Amino acid sequence: MKICFVVDKFPSLSETFVLDQIAGCLERGMEVGVVCNEMSFGKDSNIDDSRWQALPGKVVCWWGGLGRYRPLLRKWSGRFWDKLSTAIDIAYARKLQNADVIVAHFGNNGMRVARAIKRGRISAPLMTIFHGRDVGEPLHDNTLARYKIVFEKGALQLPVNAFFRDALIEVGAPPTQVMVHHMGVRPSEIDFRWRSWEQGTLSFISVCRLTEKKGIEYALHALASLPRRNWVYSVIGGGELLEELKGIAANLGIADRVTFLGPRPHSEVKQRLRDAHVFLLPSVAARDGDLEGIPVSLMEAMAAGLAVVSTYHSGIPELIEDHKTGFLAPERDIAALTSKLAWIADNPKPCEQIALAARKKIEADFNADVLNERFAQIAKQLGETRFGS
């Protein structure tokens with residue numbers, strides 16, 4: 001089976017879930033190809049892997065040589081961008097013609113493929129995976145119905161959580177064509193290690209891009225209010241809010257206990273997770289509507305044996321049950337978040353049982369090996385439908 005993934009940038013460190021899904025297809029003997037806007041080989045050693053450069057179906061830019069001008073064209077064309085980009089998409093859509101199944105990650109790429117299908121340039125069935133911003137922003141702007149063409153021309157919509165599933169159905173997606181498909185992690189590759197903080201310094205950690213929806217400013221405020229003073233906090237990741245967050249830590253008087261490490265290799269991230277006690281990600285709905293799906297970083301932390309603290313946000317409650325597999329506070333509620341952290345600080349022994357339950361939750365419901373097998377079966381069934389077999 002020839003399966004083609006349509007993404008924005010490939011490979012991308014912030015989209016390791018795409019790489020894992022591709023790896024799952026390769027492991028099951030599929031001929032995988034990628035069509036993207038930008039290739040990033042050699043730009044990030046954290047994700048350089050010979051598998052991505054040697055995909056049997058190749059990695060190509062949708063617009064070919066014209067792709068390098070895409071950002072300039074977008075800026076230059078203004079309100080005509082949608083028509084211009086669609087025309088170029090259709091002109092270069094032949095790169096998708098040989099696929100048996102097309103998988104578009106994010107709704108915008110689903111729309112691009114669906115428009116080419118409408119023009120008769122592509123005949124393969126389309127699966128669109130909705131992740132976060134692609135649902136959150138149009139929900140915020142009341143424009144989620146923009147995906148009508150995806151619903152009409154696509155074969156299947158795979159939102160990563162039930163919250164997104166319900167939103168898509170509400171604006172017209174046929175319920176029979178919408179199926180929640182979680183992203184996951186591989187528990188077999190993550191050692192569970194519980195570490196008590198009863199006698200030592202309590203170590204908090206966050207791993208994320210430093211954007212508004214990650215809520216790191218609320219983590220800083222909650223930690224500054226924590227009665228217990230022997231704690232440290234490591235923040236791994238870069239982003240546009242890095243300097244602002246450093247300033248918040250300084251203004252709160254906790255800069256000496258907070259370390260901003262920037263982006264780090266995955267091997268180092270895994271080691272720092274092993275050395276930490278509590279994973280902190282108090283996600284919020286951003287002002288532009290950007291939302292989480294279900295963060296993979298939370299899954300990795302739960303599999304590794306950390307106590308995880310997050311918020312009642314988007315699909316996160318599908319992963320974490322408060323005081324059962326982790327801890328949840330309302331979005332932007334610093335007092336509630338501080339209360340959760342204070343309870344954790346005072347109760348390391350009960351937290352061990354919660355961490356064990358979290359590991360079991362990952363193994364049962366967010367196991368990438370199981371999810372990749374399910375995904376491969378869905379793709380196979382769609383491919384067979386195309387050929388009437």
# chains A, B, ... in the order shown; residues from 1 in each chain; ligands from 1
call {"tool": "select_by_dssp", "arguments": {"residues": "region 46-248 of chain A", "states": "strand (DSSP E)", "output": "PyMOL selection string"}}
result
chain A and resi 59-61+101-105+126-130+156-159+202-207+231-236
call {"tool": "residues_around", "arguments": {"residues": "Gln177 (chain A)", "least_positions_apart": "3", "cutoff": "12 Å", "atoms": "only C-alpha atoms", "output": "list of chain:residue names"}}
result
A:Leu126, A:Met127, A:Thr128, A:Val150, A:Phe151, A:Glu152, A:Lys153, A:Gly154, A:Ala155, A:Leu156, A:Gln157, A:Leu158, A:Pro159, A:Arg165, A:Leu168, A:Ile169, A:Gly172, A:Ala173, A:Pro174, A:Val180, A:Ile378, A:Leu382
call {"tool": "write_last_selection", "arguments": {"atoms": "N, CA, C and O atoms", "output": "JSON list (two decimals), in the first residue's frame"}}
result
[["chain", "number", "residue", "atom", "x", "y", "z"],
["A", 126, "LEU", "N", -9.07, 10.42, 1.41],
["A", 126, "LEU", "CA", -8.38, 11.37, 2.27],
["A", 126, "LEU", "C", -8.78, 11.19, 3.73],
["A", 126, "LEU", "O", -9.97, 11.18, 4.06],
["A", 127, "MET", "N", -7.78, 11.04, 4.60],
["A", 127, "MET", "CA", -7.99, 11.09, 6.04],
["A", 127, "MET", "C", -7.36, 12.39, 6.55],
["A", 127, "MET", "O", -6.19, 12.65, 6.26],
["A", 128, "THR", "N", -8.11, 13.17, 7.31],
["A", 128, "THR", "CA", -7.58, 14.40, 7.87],
["A", 128, "THR", "C", -7.53, 14.29, 9.38],
["A", 128, "THR", "O", -8.53, 13.95, 10.02],
["A", 150, "VAL", "N", -13.80, 19.50, 3.24],
["A", 150, "VAL", "CA", -13.11, 18.32, 3.77],
["A", 150, "VAL", "C", -14.12, 17.24, 4.14],
["A", 150, "VAL", "O", -13.91, 16.05, 3.88],
["A", 151, "PHE", "N", -15.23, 17.66, 4.73],
["A", 151, "PHE", "CA", -16.27, 16.71, 5.08],
["A", 151, "PHE", "C", -16.88, 16.07, 3.83],
["A", 151, "PHE", "O", -17.21, 14.89, 3.82],
["A", 152, "GLU", "N", -17.02, 16.88, 2.78],
["A", 152, "GLU", "CA", -17.67, 16.39, 1.55],
["A", 152, "GLU", "C", -16.75, 15.51, 0.72],
["A", 152, "GLU", "O", -17.18, 14.49, 0.17],
["A", 153, "LYS", "N", -15.49, 15.88, 0.61],
["A", 153, "LYS", "CA", -14.56, 15.17, -0.28],
["A", 153, "LYS", "C", -13.65, 14.19, 0.45],
["A", 153, "LYS", "O", -13.06, 13.30, -0.17],
["A", 154, "GLY", "N", -13.51, 14.36, 1.75],
["A", 154, "GLY", "CA", -12.66, 13.45, 2.53],
["A", 154, "GLY", "C", -13.41, 12.19, 2.92],
["A", 154, "GLY", "O", -14.65, 12.19, 3.02],
["A", 155, "ALA", "N", -12.68, 11.13, 3.14],
["A", 155, "ALA", "CA", -13.29, 9.86, 3.53],
["A", 155, "ALA", "C", -13.47, 9.75, 5.04],
["A", 155, "ALA", "O", -14.43, 9.12, 5.50],
["A", 156, "LEU", "N", -12.56, 10.36, 5.80],
["A", 156, "LEU", "CA", -12.58, 10.17, 7.24],
["A", 156, "LEU", "C", -11.90, 11.34, 7.94],
["A", 156, "LEU", "O", -10.87, 11.84, 7.48],
["A", 157, "GLN", "N", -12.50, 11.79, 9.06],
["A", 157, "GLN", "CA", -11.90, 12.82, 9.89],
["A", 157, "GLN", "C", -11.44, 12.14, 11.19],
["A", 157, "GLN", "O", -12.22, 11.42, 11.83],
["A", 158, "LEU", "N", -10.20, 12.38, 11.57],
["A", 158, "LEU", "CA", -9.64, 11.75, 12.77],
["A", 158, "LEU", "C", -9.17, 12.82, 13.75],
["A", 158, "LEU", "O", -7.98, 13.12, 13.85],
["A", 159, "PRO", "N", -10.08, 13.43, 14.50],
["A", 159, "PRO", "CA", -9.65, 14.37, 15.55],
["A", 159, "PRO", "C", -8.95, 13.61, 16.67],
["A", 159, "PRO", "O", -9.25, 12.44, 16.92],
["A", 165, "ARG", "N", -13.97, 16.12, 18.12],
["A", 165, "ARG", "CA", -14.96, 15.32, 17.38],
["A", 165, "ARG", "C", -16.33, 15.98, 17.46],
["A", 165, "ARG", "O", -17.00, 16.18, 16.43],
["A", 168, "LEU", "N", -16.56, 19.20, 15.35],
["A", 168, "LEU", "CA", -16.65, 18.97, 13.90],
["A", 168, "LEU", "C", -18.03, 18.49, 13.51],
["A", 168, "LEU", "O", -18.60, 18.93, 12.49],
["A", 169, "ILE", "N", -18.60, 17.61, 14.29],
["A", 169, "ILE", "CA", -19.95, 17.11, 13.99],
["A", 169, "ILE", "C", -20.97, 18.23, 14.08],
["A", 169, "ILE", "O", -21.89, 18.33, 13.25],
["A", 172, "GLY", "N", -21.28, 20.12, 10.86],
["A", 172, "GLY", "CA", -21.69, 19.45, 9.64],
["A", 172, "GLY", "C", -20.95, 18.20, 9.24],
["A", 172, "GLY", "O", -21.30, 17.56, 8.23],
["A", 173, "ALA", "N", -19.91, 17.80, 9.96],
["A", 173, "ALA", "CA", -19.22, 16.56, 9.61],
["A", 173, "ALA", "C", -20.13, 15.38, 9.89],
["A", 173, "ALA", "O", -20.68, 15.28, 11.00],
["A", 174, "PRO", "N", -20.34, 14.47, 8.93],
["A", 174, "PRO", "CA", -21.19, 13.31, 9.18],
["A", 174, "PRO", "C", -20.61, 12.47, 10.32],
["A", 174, "PRO", "O", -19.43, 12.10, 10.29],
["A", 180, "VAL", "N", -12.45, 9.49, 16.76],
["A", 180, "VAL", "CA", -11.34, 9.95, 17.60],
["A", 180, "VAL", "C", -10.17, 8.98, 17.45],
["A", 180, "VAL", "O", -10.34, 7.76, 17.56],
["A", 378, "ILE", "N", -7.11, 1.04, 9.57],
["A", 378, "ILE", "CA", -8.05, 2.02, 9.00],
["A", 378, "ILE", "C", -7.59, 2.40, 7.59],
["A", 378, "ILE", "O", -8.39, 2.45, 6.65],
["A", 382, "LEU", "N", -9.49, 1.74, 3.94],
["A", 382, "LEU", "CA", -9.80, 2.81, 3.00],
["A", 382, "LEU", "C", -9.20, 2.51, 1.63],
["A", 382, "LEU", "O", -9.84, 2.74, 0.59]]
call {"tool": "closest_residue", "arguments": {"among": "A:His277, A:Arg228, A:Lys361, A:Arg68", "to": "Lys324 (chain A)", "atoms": "only C-alpha atoms"}}
result
A:Lys361
call {"tool": "select_by_dssp", "arguments": {"residues": "region 183-237 of chain A", "states": "alpha helix (DSSP H)", "output": "VMD selection string"}}
result
chain A and resid 216 to 224
call {"tool": "residues_around", "arguments": {"residues": "Asp288 (chain A)", "least_positions_apart": "2", "cutoff": "8 Å", "atoms": "only C-alpha atoms", "output": "VMD selection string"}}
result
chain A and resid 137 140 286 290
call {"tool": "closest_residue", "arguments": {"among": "A:Thr143, A:Asn367, A:Asn108, A:Ser77", "to": "His131 (chain A)", "atoms": "only C-alpha atoms"}}
result
A:Asn108
call {"tool": "residues_around", "arguments": {"residues": "region 92-97 of chain A", "least_positions_apart": "6", "cutoff": "8 Å", "atoms": "only C-alpha atoms", "output": "NGL selection string"}}
result
:A and (4 or 35 or 62-64 or 116 or 121-124)
call {"tool": "atom_distance", "arguments": {"atom1": "CA of Pro187 (chain A)", "atom2": "CA of Ser206 (chain A)"}}
result
19.6 Å
call {"tool": "residues_around", "arguments": {"residues": "Ile3 (chain A)", "least_positions_apart": "3", "cutoff": "12 Å", "atoms": "only C-alpha atoms", "output": "ChimeraX atom specification"}}
result
/A:6,21-22,24-26,28-35,55-58,96-104,124-127,375-376,378-380,382-383
call {"tool": "residues_around", "arguments": {"residues": "Leu242 (chain A)", "least_positions_apart": "6", "cutoff": "10 Å", "atoms": "only C-alpha atoms", "output": "ChimeraX atom specification"}}
result
/A:209-211,216,235,260,262
call {"tool": "closest_atom_pairs", "arguments": {"of": "region 15-43 of chain A", "to": "region 292-303 of chain A", "cutoff": "10 Å", "atoms": "only C-alpha atoms", "output": "tab-separated table"}}
result
residue	atom	partner	partner_atom	distance
A:Glu15	CA	A:Val296	CA	9.6
A:Thr16	CA	A:Val296	CA	8.9
A:Phe17	CA	A:Val296	CA	7.7
call {"tool": "write_last_selection", "arguments": {"atoms": "C-alpha atoms", "output": "compact mmCIF listing (two decimals), in the first residue's frame"}}
result
# COMPACT_ATOMS: atom_id res chain seq x y z
CA GLU A 15 5.48 17.16 15.44
CA THR A 16 7.16 13.97 16.60
CA PHE A 17 3.70 12.35 16.58
call {"tool": "closest_residue", "arguments": {"among": "A:Val278, A:Leu319, A:Ile344, A:Tyr312", "to": "Arg195 (chain A)", "atoms": "only C-alpha atoms"}}
result
A:Val278
call {"tool": "closest_residue", "arguments": {"among": "A:Gly239, A:Gly110, A:Gly67, A:Gly120", "to": "Lys148 (chain A)", "atoms": "only C-alpha atoms"}}
result
A:Gly110
call {"tool": "residues_around", "arguments": {"residues": "Leu371 (chain A)", "least_positions_apart": "3", "cutoff": "8 Å", "atoms": "only C-alpha atoms", "output": "PyMOL selection string"}}
result
chain A and resi 181-184+366-368+374-375
call {"tool": "write_last_selection", "arguments": {"atoms": "N, CA and C atoms", "output": "short mmCIF file (atom, residue, chain, number, x, y, z; two decimals), in the first residue's frame"}}
result
data_model
loop_
_atom_site.label_atom_id
_atom_site.label_comp_id
_atom_site.auth_asym_id
_atom_site.auth_seq_id
_atom_site.Cartn_x
_atom_site.Cartn_y
_atom_site.Cartn_z
N HIS A 181 -9.00 9.54 17.16
CA HIS A 181 -7.79 8.72 17.10
C HIS A 181 -6.71 9.45 17.89
N HIS A 182 -6.42 8.95 19.08
CA HIS A 182 -5.43 9.59 19.94
C HIS A 182 -4.02 9.45 19.37
N MET A 183 -3.20 10.43 19.64
CA MET A 183 -1.78 10.26 19.49
C MET A 183 -1.30 9.45 20.71
N GLY A 184 -0.10 8.90 20.65
CA GLY A 184 0.37 8.09 21.77
C GLY A 184 1.87 8.08 21.89
N PHE A 366 -3.13 4.95 25.47
CA PHE A 366 -2.30 5.87 24.69
C PHE A 366 -0.99 5.19 24.27
N ASN A 367 -1.09 3.92 23.98
CA ASN A 367 0.05 3.11 23.56
C ASN A 367 0.20 3.25 22.04
N ALA A 368 1.28 3.87 21.61
CA ALA A 368 1.46 4.15 20.18
C ALA A 368 1.52 2.88 19.34
N ARG A 374 -3.94 0.17 14.82
CA ARG A 374 -5.31 0.57 14.49
C ARG A 374 -5.32 1.52 13.30
N PHE A 375 -4.40 2.48 13.29
CA PHE A 375 -4.32 3.43 12.19
C PHE A 375 -4.02 2.71 10.87
#
call {"tool": "closest_residue", "arguments": {"among": "A:Leu245, A:Val258, A:Leu13, A:Leu202", "to": "Trp231 (chain A)", "atoms": "only C-alpha atoms"}}
result
A:Leu202
call {"tool": "closest_residue", "arguments": {"among": "A:Glu170, A:Asp322, A:Asp44, A:Glu352", "to": "Lys340 (chain A)", "atoms": "only C-alpha atoms"}}
result
A:Asp322
call {"tool": "atom_distance", "arguments": {"atom1": "CA of Gly78 (chain A)", "atom2": "CA of Pro11 (chain A)"}}
result
28.0 Å
call {"tool": "atom_distance", "arguments": {"atom1": "CA of Ala304 (chain A)", "atom2": "CA of Pro265 (chain A)"}}
result
17.2 Å
